[in-house]
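Trainee: Provided below: my_file-v2.txt, containing compact mmCIF, C-alpha atoms and all ligand atoms.
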```txt
# COMPACT_ATOMS: atom_id res chain seq x y z
CA MET H 16 -29.04 4.34 -1.17
CA PRO H 17 -27.11 1.84 1.01
CA LEU H 18 -26.02 -1.41 -0.56
CA THR H 19 -28.63 -4.09 -0.13
CA LYS H 20 -27.69 -7.15 1.87
CA GLY H 21 -25.71 -9.68 -0.14
CA ILE H 22 -24.46 -7.18 -2.71
CA ASP H 23 -21.18 -6.69 -0.85
CA ASN H 24 -20.51 -10.45 -1.01
CA LYS H 25 -21.15 -10.31 -4.74
CA ILE H 26 -18.64 -7.47 -5.10
CA VAL H 27 -16.06 -9.36 -2.99
CA ASP H 28 -16.36 -12.38 -5.32
CA TYR H 29 -16.11 -10.09 -8.36
CA LEU H 30 -12.87 -8.46 -7.16
CA TYR H 31 -11.37 -11.66 -5.77
CA SER H 32 -11.87 -13.59 -8.99
CA ALA H 33 -10.47 -10.66 -11.04
CA GLU H 34 -7.28 -10.89 -8.98
CA LYS H 35 -7.06 -14.68 -9.08
CA GLU H 36 -7.75 -14.82 -12.81
CA ARG H 37 -5.52 -11.82 -13.56
CA ARG H 38 -8.03 -9.88 -15.55
CA GLU H 39 -9.13 -6.29 -15.32
CA VAL H 40 -12.77 -5.56 -14.60
CA GLU H 41 -15.10 -2.56 -14.85
CA LYS H 42 -15.01 -0.44 -11.72
CA ILE H 43 -17.79 -1.24 -9.26
CA SER H 44 -18.94 2.39 -9.00
CA ASP H 45 -20.23 2.07 -12.59
CA GLN H 46 -22.85 -0.31 -11.25
CA TYR H 47 -23.10 1.05 -7.70
CA PRO H 48 -22.56 4.82 -8.03
CA ASP H 49 -23.75 5.50 -4.47
CA LEU H 50 -21.19 3.20 -2.83
CA ASN H 51 -19.81 5.14 0.15
CA LEU H 52 -16.42 4.86 1.85
CA GLU H 53 -17.77 3.01 4.87
CA GLU H 54 -19.29 0.37 2.60
CA ALA H 55 -16.07 0.25 0.59
CA TYR H 56 -14.01 -0.48 3.73
CA ARG H 57 -16.54 -3.16 4.68
CA ILE H 58 -16.07 -4.82 1.29
CA GLN H 59 -12.28 -4.56 1.72
CA GLU H 60 -12.54 -6.27 5.13
CA LYS H 61 -14.59 -9.11 3.63
CA LEU H 62 -12.08 -9.44 0.80
CA ILE H 63 -9.28 -9.89 3.35
CA GLN H 64 -11.37 -12.40 5.30
CA LYS H 65 -11.74 -14.36 2.06
CA ARG H 66 -7.96 -14.39 1.64
CA GLU H 67 -7.70 -15.64 5.24
CA GLU H 68 -10.17 -18.44 4.52
CA ASP H 69 -7.79 -19.40 1.70
CA GLY H 70 -4.89 -19.65 4.17
CA CYS H 71 -3.34 -16.15 4.05
CA ARG H 72 -2.31 -14.28 7.16
CA ARG H 73 -2.48 -10.52 7.78
CA ILE H 74 1.03 -9.18 8.33
CA GLY H 75 0.45 -5.44 8.21
CA LEU H 76 -1.10 -2.53 6.38
CA LYS H 77 -0.35 -0.09 3.59
CA ILE H 78 -1.25 3.55 3.33
CA GLY H 79 -2.08 5.10 -0.03
CA LEU H 80 -2.79 8.50 -1.58
CA THR H 81 -0.38 10.13 0.85
CA SER H 82 1.08 12.71 -1.51
CA LYS H 83 -0.60 16.05 -2.13
CA ALA H 84 -0.20 15.48 -5.87
CA LYS H 85 -2.03 12.14 -5.78
CA GLN H 86 -4.76 13.49 -3.47
CA GLU H 87 -5.34 16.41 -5.84
CA MET H 88 -5.40 14.08 -8.80
CA MET H 89 -8.16 12.06 -7.10
CA GLY H 90 -9.89 15.17 -5.71
CA VAL H 91 -9.60 13.91 -2.11
CA HIS H 92 -8.16 15.25 1.14
CA GLU H 93 -7.49 12.05 2.96
CA ALA H 94 -5.24 9.04 2.64
CA ILE H 95 -6.59 5.47 2.39
CA TYR H 96 -5.45 2.13 3.82
CA GLY H 97 -5.46 -1.54 2.91
CA TYR H 98 -4.15 -4.79 4.37
CA LEU H 99 -0.98 -6.71 3.56
CA THR H 100 -1.08 -10.51 3.70
CA ASP H 101 1.85 -12.93 3.85
CA ASP H 102 1.42 -14.04 0.22
CA MET H 103 2.14 -10.45 -0.89
CA LEU H 104 5.62 -10.39 0.63
CA ALA H 105 8.29 -11.09 -2.00
CA LEU H 106 12.00 -11.58 -1.38
CA GLU H 107 14.59 -9.44 -3.11
CA TRP H 108 16.44 -12.30 -4.71
CA GLU H 109 13.45 -14.19 -6.07
CA PRO H 110 12.39 -13.14 -9.56
CA ILE H 111 8.64 -12.67 -9.59
CA ASN H 112 6.67 -14.04 -12.48
CA PHE H 113 5.12 -11.15 -14.41
CA GLN H 114 2.17 -13.44 -15.22
CA GLU H 115 1.05 -12.98 -11.62
CA TRP H 116 -0.15 -9.48 -12.48
CA ILE H 117 -2.59 -7.60 -14.67
CA HIS H 118 -0.81 -4.24 -15.24
CA PRO H 119 1.58 -3.71 -12.32
CA LYS H 120 3.34 -0.52 -11.23
CA ALA H 121 6.18 -0.07 -8.73
CA GLU H 122 6.28 2.54 -5.97
CA PRO H 123 9.13 3.43 -3.59
CA GLU H 124 8.16 3.25 0.08
CA ILE H 125 9.58 3.30 3.60
CA ALA H 126 8.45 0.25 5.58
CA PHE H 127 7.93 0.46 9.36
CA MET H 128 8.36 -2.65 11.57
CA ILE H 129 6.20 -1.96 14.60
CA GLY H 130 7.70 -2.87 18.01
CA GLU H 131 4.64 -2.30 20.25
CA ASP H 132 0.86 -2.25 19.74
CA LEU H 133 -0.35 1.21 18.74
CA LEU H 134 -3.95 2.09 19.40
CA GLY H 135 -5.87 5.33 19.84
CA THR H 136 -7.17 8.40 18.12
CA ASN H 137 -4.54 10.91 19.26
CA VAL H 138 -1.39 9.10 18.20
CA THR H 139 1.42 11.35 16.95
CA ALA H 140 4.39 10.86 14.63
CA GLU H 141 6.60 10.92 17.75
CA ASP H 142 4.61 8.01 19.23
CA VAL H 143 5.08 6.10 15.98
CA ILE H 144 8.84 6.67 15.95
CA ARG H 145 9.06 5.59 19.59
CA GLU H 146 7.20 2.32 18.95
CA THR H 147 8.90 1.48 15.65
CA LYS H 148 11.68 -1.05 15.90
CA TYR H 149 13.05 -0.62 12.39
CA VAL H 150 12.47 1.14 9.12
CA ALA H 151 13.60 -0.32 5.80
CA PRO H 152 13.48 0.59 2.12
CA ALA H 153 10.65 -1.10 0.27
CA ILE H 154 9.00 -1.33 -3.12
CA GLU H 155 5.27 -1.79 -3.35
CA ILE H 156 3.86 -3.31 -6.52
CA ILE H 157 0.32 -2.11 -7.02
CA ASP H 158 -1.97 -3.83 -9.51
CA SER H 159 -5.45 -2.34 -9.59
CA ARG H 160 -8.05 -4.83 -10.67
CA TYR H 161 -9.86 -2.07 -12.59
CA VAL H 162 -9.58 -1.28 -16.29
CA ASN H 163 -6.70 1.17 -16.96
CA PHE H 164 -6.10 1.77 -13.24
CA LYS H 165 -9.10 4.16 -13.28
CA PHE H 166 -11.31 4.29 -10.20
CA THR H 167 -13.10 6.39 -7.61
CA LEU H 168 -12.01 6.50 -3.98
CA ALA H 169 -14.67 3.94 -2.98
CA ASP H 170 -13.59 1.64 -5.83
CA VAL H 171 -9.94 1.61 -4.82
CA ILE H 172 -10.68 1.13 -1.10
CA ALA H 173 -12.89 -1.88 -1.90
CA ASP H 174 -10.05 -3.26 -4.06
CA ASN H 175 -7.74 -3.24 -1.00
CA CYS H 176 -6.03 -0.13 -2.39
CA SER H 177 -4.57 -1.98 -5.40
CA SER H 178 -2.33 -4.10 -3.12
CA SER H 179 -0.53 -6.93 -4.81
CA LYS H 180 3.10 -7.51 -3.74
CA PHE H 181 5.83 -5.79 -1.79
CA VAL H 182 9.55 -6.27 -1.40
CA VAL H 183 11.43 -5.14 1.71
CA GLY H 184 15.19 -4.44 1.60
CA SER H 185 17.56 -6.30 3.88
CA LYS H 186 18.94 -3.29 5.77
CA TRP H 187 16.68 -2.53 8.73
CA VAL H 188 17.62 0.44 10.92
CA SER H 189 16.14 2.20 13.93
CA PRO H 190 14.21 5.33 12.90
CA LYS H 191 15.36 7.11 16.05
CA THR H 192 18.61 8.32 14.55
CA LEU H 193 17.22 9.25 11.12
CA ASN H 194 15.51 12.30 9.78
CA LEU H 195 13.01 10.45 7.61
CA GLU H 196 11.48 13.54 6.02
CA ASP H 197 14.82 14.65 4.56
CA ILE H 198 15.88 11.28 3.21
CA GLY H 199 16.43 11.43 -0.55
CA MET H 200 15.27 8.63 -2.87
CA VAL H 201 16.11 7.64 -6.45
CA MET H 202 14.12 4.96 -8.29
CA SER H 203 15.70 3.52 -11.44
CA LYS H 204 14.45 1.12 -14.08
CA ASN H 205 17.13 -0.93 -15.85
CA GLY H 206 19.82 1.51 -14.68
CA GLU H 207 18.02 4.67 -15.78
CA ILE H 208 16.64 7.14 -13.26
CA ALA H 209 12.84 7.09 -13.34
CA GLN H 210 11.82 9.09 -10.23
CA THR H 211 13.49 11.14 -7.49
CA SER H 212 11.91 12.42 -4.29
CA SER H 213 12.30 12.54 -0.50
CA GLY H 214 10.51 11.22 2.59
CA ALA H 215 8.61 14.51 3.02
CA ALA H 216 6.46 13.55 0.00
CA VAL H 217 4.52 11.24 2.33
CA LEU H 218 2.18 13.57 4.28
CA GLY H 219 5.22 15.72 5.20
CA HIS H 220 6.85 12.83 7.11
CA PRO H 221 6.37 9.04 6.74
CA ALA H 222 5.73 8.70 10.51
CA GLU H 223 2.86 11.23 10.17
CA SER H 224 1.35 8.88 7.65
CA VAL H 225 1.56 5.92 10.05
CA ALA H 226 0.07 8.10 12.82
CA TRP H 227 -2.81 8.98 10.45
CA LEU H 228 -3.38 5.23 9.92
CA VAL H 229 -3.46 4.45 13.65
CA ASN H 230 -5.90 7.29 14.33
CA LYS H 231 -8.11 6.27 11.42
CA LEU H 232 -8.20 2.65 12.61
CA GLY H 233 -8.74 3.96 16.15
CA GLU H 234 -12.06 5.50 15.09
CA ALA H 235 -13.26 1.93 14.49
CA GLY H 236 -11.68 0.61 17.71
CA LYS H 237 -8.84 -1.04 15.77
CA GLY H 238 -5.09 -0.40 15.77
CA ILE H 239 -1.77 -1.76 14.59
CA LYS H 240 0.08 -4.55 16.34
CA LYS H 241 3.57 -5.42 17.46
CA GLY H 242 5.24 -7.17 14.52
CA ASP H 243 3.12 -5.46 11.85
CA ILE H 244 4.81 -4.16 8.71
CA ILE H 245 3.41 -0.81 7.60
CA LEU H 246 4.07 0.60 4.13
CA SER H 247 3.85 4.33 4.77
CA GLY H 248 2.88 5.50 1.26
CA ALA H 249 4.44 6.04 -2.14
CA ILE H 250 7.29 8.56 -2.09
CA SER H 251 6.92 9.28 -5.81
CA GLU H 252 4.65 8.44 -8.69
CA ALA H 253 4.35 4.76 -9.53
CA ILE H 254 6.12 3.45 -12.63
CA SER H 255 5.06 0.67 -14.99
CA PHE H 256 7.42 -2.17 -15.83
CA ALA H 257 7.57 -5.18 -18.13
CA PRO H 258 8.98 -8.74 -17.95
CA ASN H 259 12.78 -8.78 -17.42
CA ASP H 260 12.87 -5.21 -16.07
CA ASN H 261 14.87 -4.48 -12.96
CA ILE H 262 13.63 -1.85 -10.51
CA LEU H 263 16.07 -0.38 -7.99
CA VAL H 264 15.16 2.07 -5.21
CA GLN H 265 18.04 3.77 -3.40
CA PHE H 266 17.63 5.88 -0.27
CA ASP H 267 20.20 8.06 1.48
CA GLU H 268 21.19 6.33 4.74
CA LEU H 269 18.49 3.64 4.49
CA GLY H 270 20.15 1.66 1.71
CA SER H 271 18.48 0.12 -1.32
CA VAL H 272 15.97 -2.48 -2.44
CA SER H 273 15.40 -3.99 -5.86
CA PHE H 274 13.45 -6.65 -7.68
CA SER H 275 13.35 -8.29 -11.08
CA CYS H 276 10.54 -10.12 -12.77
CA LYS H 277 10.59 -12.72 -15.49
C1 LIG F 1 -3.96 3.33 -5.24
C2 LIG F 1 -2.88 2.95 -4.27
C3 LIG F 1 -1.82 4.01 -4.25
C4 LIG F 1 0.00 4.91 -2.76
O1 LIG F 1 0.98 4.67 -2.03
O2 LIG F 1 -0.37 6.05 -3.03
C5 LIG F 1 -0.74 3.74 -3.30
C6 LIG F 1 -3.48 3.30 -6.67
O3 LIG F 1 -2.98 4.32 -7.15
O4 LIG F 1 -3.67 2.27 -7.33
O5 LIG F 1 -0.42 2.63 -2.98
```
Please render this file's structure as structure tokens.

Mentor:
Amino acid sequence: MPLTKGIDNKIVDYLYSAEKERREVEKISDQYPDLNLEEAYRIQEKLIQKREEDGCRRIGLKIGLTSKAKQEMMGVHEAIYGYLTDDMLALEWEPINFQEWIHPKAEPEIAFMIGEDLLGTNVTAEDVIRETKYVAPAIEIIDSRYVNFKFTLADVIADNCSSSKFVVGSKWVSPKTLNLEDIGMVMSKNGEIAQTSSGAAVLGHPAESVAWLVNKLGEAGKGIKKGDIILSGAISEAISFAPNDNILVQFDELGSVSFSCK
């Protein structure tokens, strides 16, 4: 049964206040088990509009569930996307206050800085590479608003795919001379290796992931814009961290990115 009018606004307020008040809430599918993905994306869009009403600006998008392992874990065959707003962008040198989060986890990512608008339903990884000005190492901090990070696909889409913060490294390079699928990555916590992987973990190639995003948005007549930052998907499993931890992500050729919280 489709959501009755007004219910989506109620869900938006429920998720928005959970984030603002830093508390975990029961997943919405417990109350609305028939919530479908289209409705979930509509709720996500309204959630972003609410952020905009509060003065935030959209600066890009993130792609999630891009690894086979994560898709299998969730029993799905498709990635998901959410929006990034300017208040989510953190700088490498600024310690972030852990109190901003509920139960955060860090994921290594490759960020794409888009040089030209990309729109359509037949966009390829080659098109993405051609229109990308730079790629950079990044860390995404996800912070699901749901109890114990447990959710259905519709739940997580409505919750803007657990988006919370992201940090982009200071070395930005053209993707044209790199082989992004072969790039190795090591993520360490307080100097100890926590995860290793390579670019191929993201749908075979991070640019494939961005192409998937453009084509998915294209189905709804949307696209990505010049100047957008796109987080192409976690390259390994996410790791939890605590106050005073330092997370460092090092890539071959792309350089490194780190953050600390207090
Ligand atoms: C959903 C978001 C996952 C990724 O890159 O796979 C994600 C979650 O696990 O909370 O950002």

Trainee: For ligand LIG 1 (chain F), return the neighbouring residues as a JSON list (two decimals) with C-alpha atoms, keeping the file's coordinate frame (distance at most 6 Å; only C-alpha atoms and all ligand atoms).

Mentor:
```
[["chain", "number", "residue", "atom", "x", "y", "z"],
["H", 78, "ILE", "CA", -1.25, 3.55, 3.33],
["H", 79, "GLY", "CA", -2.08, 5.10, -0.03],
["H", 80, "LEU", "CA", -2.79, 8.50, -1.58],
["H", 81, "THR", "CA", -0.38, 10.13, 0.85],
["H", 157, "ILE", "CA", 0.32, -2.11, -7.02],
["H", 159, "SER", "CA", -5.45, -2.34, -9.59],
["H", 176, "CYS", "CA", -6.03, -0.13, -2.39],
["H", 177, "SER", "CA", -4.57, -1.98, -5.40],
["H", 248, "GLY", "CA", 2.88, 5.50, 1.26],
["H", 249, "ALA", "CA", 4.44, 6.04, -2.14]]
```

Trainee: Counting only C-alpha atoms, what is within 12 Å of Lys83 (chain H), bar same-chain residues fewer than 6 positions away, as an MDAnalysis selection string?

Mentor: chainID H and resid 89:94 215:219 248:252

Trainee: Store the residues picked out above in a file with C-alpha atoms, as a PDB file, in the coordinates of the input.

Mentor:
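Output below, filename selection-v7.pdb:
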```pdb
ATOM      1  CA  MET H  89      -8.160  12.060  -7.100  1.00  0.00           C
ATOM      2  CA  GLY H  90      -9.890  15.170  -5.710  1.00  0.00           C
ATOM      3  CA  VAL H  91      -9.600  13.910  -2.110  1.00  0.00           C
ATOM      4  CA  HIS H  92      -8.160  15.250   1.140  1.00  0.00           C
ATOM      5  CA  GLU H  93      -7.490  12.050   2.960  1.00  0.00           C
ATOM      6  CA  ALA H  94      -5.240   9.040   2.640  1.00  0.00           C
ATOM      7  CA  ALA H 215       8.610  14.510   3.020  1.00  0.00           C
ATOM      8  CA  ALA H 216       6.460  13.550   0.000  1.00  0.00           C
ATOM      9  CA  VAL H 217       4.520  11.240   2.330  1.00  0.00           C
ATOM     10  CA  LEU H 218       2.180  13.570   4.280  1.00  0.00           C
ATOM     11  CA  GLY H 219       5.220  15.720   5.200  1.00  0.00           C
ATOM     12  CA  GLY H 248       2.880   5.500   1.260  1.00  0.00           C
ATOM     13  CA  ALA H 249       4.440   6.040  -2.140  1.00  0.00           C
ATOM     14  CA  ILE H 250       7.290   8.560  -2.090  1.00  0.00           C
ATOM     15  CA  SER H 251       6.920   9.280  -5.810  1.00  0.00           C
ATOM     16  CA  GLU H 252       4.650   8.440  -8.690  1.00  0.00           C
TER      17      GLU H 252
END
```

Trainee: Choose the residue, out of H:Leu76, H:Leu168, H:Ile244, H:Val229, that has the smallest atom-to-atom separation from Thr147 (chain H); count all atoms listed in the file.

Mentor: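 Smallest distance to Thr147 (chain H) is found for H:Ile244.
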
Trainee: So how many Å separate CA of Lys241 (chain H) and CA of Leu134 (chain H), to one decimal?

Mentor: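 CA of Lys241 (chain H) sits 10.8 Å away from CA of Leu134 (chain H).
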
Trainee: Write out as a PyMOL selection string the residues lying within 10 Å of region 197-205 of chain H, counting all atoms listed in the file and excluding same-chain residues fewer than 5 positions away.

Mentor: chain H and resi 121-124+152+154+210-216+219-220+250-251+253-256+259-273+275

Trainee: What is the distance between CA of Arg57 (chain H) and CA of Gly97 (chain H), in Å to one decimal?

Mentor: 11.3 Å

Trainee: For CA of Ile26 (chain H) and CA of Ala173 (chain H), quote the distance in Å rounded to one decimal.

Mentor: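 Computed distance, CA of Ile26 (chain H) to CA of Ala173 (chain H), equals 8.6 Å.
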
Trainee: Let me make sure I understand: among H:Ala84, H:Phe181, H:Pro221, H:Gly233, which one has the smallest atom-to-atom distance to Glu196 (chain H) if we use only C-alpha atoms?

Mentor: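 Using only C-alpha atoms, the shortest distance to Glu196 (chain H) belongs to H:Pro221.
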
Trainee: Looking at all atoms listed in the file, which of H:Leu52, H:Ile144, H:Ile63, H:Leu195 is the one that sits closest to Tyr31 (chain H)?

Mentor: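 Closest to Tyr31 (chain H) of all the choices is H:Ile63.
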
Trainee: Just so I have it separately, write region 177-194 of chain H from the block I sent, keeping N, CA and C atoms, as an mmCIF file, in the first residue's frame.

Mentor:
```
data_model
loop_
_atom_site.group_PDB
_atom_site.id
_atom_site.type_symbol
_atom_site.label_atom_id
_atom_site.label_comp_id
_atom_site.auth_asym_id
_atom_site.auth_seq_id
_atom_site.Cartn_x
_atom_site.Cartn_y
_atom_site.Cartn_z
ATOM 1 N N SER H 177 22.912 7.067 5.193
ATOM 2 C CA SER H 177 23.753 7.191 6.402
ATOM 3 C C SER H 177 24.767 8.337 6.324
ATOM 4 N N SER H 178 24.614 9.237 5.360
ATOM 5 C CA SER H 178 25.587 10.333 5.189
ATOM 6 C C SER H 178 25.711 11.168 6.448
ATOM 7 N N SER H 179 26.943 11.611 6.714
ATOM 8 C CA SER H 179 27.137 12.444 7.893
ATOM 9 C C SER H 179 28.253 13.465 7.680
ATOM 10 N N LYS H 180 29.463 12.979 7.375
ATOM 11 C CA LYS H 180 30.604 13.881 7.146
ATOM 12 C C LYS H 180 31.493 13.244 6.097
ATOM 13 N N PHE H 181 32.344 14.050 5.488
ATOM 14 C CA PHE H 181 33.402 13.478 4.659
ATOM 15 C C PHE H 181 34.590 14.423 4.631
ATOM 16 N N VAL H 182 35.752 13.810 4.487
ATOM 17 C CA VAL H 182 37.009 14.560 4.486
ATOM 18 C C VAL H 182 37.693 14.240 3.152
ATOM 19 N N VAL H 183 38.151 15.275 2.459
ATOM 20 C CA VAL H 183 38.839 15.050 1.183
ATOM 21 C C VAL H 183 40.306 15.430 1.360
ATOM 22 N N GLY H 184 41.215 14.603 0.876
ATOM 23 C CA GLY H 184 42.650 14.870 0.982
ATOM 24 C C GLY H 184 43.063 16.060 0.128
ATOM 25 N N SER H 185 44.260 16.568 0.354
ATOM 26 C CA SER H 185 44.653 17.799 -0.333
ATOM 27 C C SER H 185 45.337 17.544 -1.672
ATOM 28 N N LYS H 186 45.643 16.281 -1.994
ATOM 29 C CA LYS H 186 46.275 16.027 -3.298
ATOM 30 C C LYS H 186 45.190 15.642 -4.307
ATOM 31 N N TRP H 187 44.971 16.512 -5.283
ATOM 32 C CA TRP H 187 43.957 16.251 -6.303
ATOM 33 C C TRP H 187 44.678 15.994 -7.616
ATOM 34 N N VAL H 188 44.410 14.888 -8.267
ATOM 35 C CA VAL H 188 45.118 14.582 -9.519
ATOM 36 C C VAL H 188 44.121 14.215 -10.617
ATOM 37 N N SER H 189 44.561 14.400 -11.860
ATOM 38 C CA SER H 189 43.693 14.028 -12.986
ATOM 39 C C SER H 189 43.567 12.503 -13.025
ATOM 40 N N PRO H 190 42.358 11.989 -13.277
ATOM 41 C CA PRO H 190 42.206 10.525 -13.336
ATOM 42 C C PRO H 190 42.717 9.956 -14.652
ATOM 43 N N LYS H 191 43.066 10.830 -15.582
ATOM 44 C CA LYS H 191 43.376 10.351 -16.939
ATOM 45 C C LYS H 191 44.659 9.541 -17.000
ATOM 46 N N THR H 192 45.546 9.785 -16.041
ATOM 47 C CA THR H 192 46.826 9.076 -16.078
ATOM 48 C C THR H 192 46.880 7.944 -15.060
ATOM 49 N N LEU H 193 45.751 7.679 -14.391
ATOM 50 C CA LEU H 193 45.752 6.659 -13.332
ATOM 51 C C LEU H 193 44.948 5.438 -13.757
ATOM 52 N N ASN H 194 45.308 4.303 -13.170
ATOM 53 C CA ASN H 194 44.493 3.124 -13.368
ATOM 54 C C ASN H 194 43.747 2.881 -12.051
#
```
